[in-house]
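Single-structure report; data block below.
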Amino acid sequence: MSMMSRPGDSPRANARDRSRPSLRRVTMLSAGLLAIAGVVAACSSDDSSADAEPTSADGIRTALVELHSAPGCDCCGGWEEYMTAHGFTVESTEEADLSAFKEARGVPRDAWSCHTAVIDGYTVEGHVPVEAIEDLLTDRPDIDGIALPGMPPGSPGMSGEKAAPFEVLAIDDGTIAIFGEY
């Protein structure tokens with residue numbers, strides 16, 4: 001009796017077991033075939049992604065963020081990093097007279113924060129969460145922009161903890177209304 005045989009096994013039974021594929025081999029072969037099929041399907045798709053515009057993690061078109069801030073503001077840099085981490089390209093400009101820029105963009109004083117951005121033609125005032133910006137760019141409402149007034153703790157780019165949902169405001173013709181809670 002060989003060392004590989006079990007007591008009571010016949011040579012004929014061992015030969016039969018070796019001729020059947022193991023469950024592990026079948027699983028590995030199936031996984032490999034599925035992977036190959038996925039690659040072939042992706043490569044033969046009629047939808048060419050080479051010409052598609054870049055998208056953010058949530059699938060909306062990524063727009064250039066033109067950030068305007070006061071010289072040396074650290075939290076504005078924090079919001080810039082936050083936006084970059086969410087797939088946006090950010091170009092920063094330090095404004096000698098940020099108030100004049102805000103007024104030119106039609107941002108009411110009670111909606112002001114430490115920076116103002118222009119994204120795809122919309123004004124985005126303050127530490128607005130990316131979810132609100134994605135809603136703005138996806139829904140494309142007929143407004144001038146959105147704002148998160150002040151510098152709320154825990155908002156993107158700000159230290160501290162978020163105490164409650166942020167009330168983001170819609171800006172239109174110098175007036176404000178609620179855009180949503182985020």
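Ligands are numbered from 1 in the order shown, residues from 1 within each chain, and chains are lettered A, B, ... in the order they appear in the structure tokens.
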So which residues touch stretch 111-122 of chain A within 10 Å, counting only C-alpha atoms, skipping near sequence neighbours fewer than 2 positions away, as a ChimeraX atom specification? /A:62-70,73,75-77,79-80,88,90-95,98-99,101-103,105,107-109,124-128,133,136-137,140-152,168-171,174-176
Just want the 9 Å neighbourhood of A:Glu181, counted on only C-alpha atoms, with same-chain residues fewer than 3 positions away dropped. Output as a PyMOL selection string. chain A and resi 132+165-169+178
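Atom to atom, atom CA of A:His86 and atom CA of A:Gly154 stand 16.9 Å apart.
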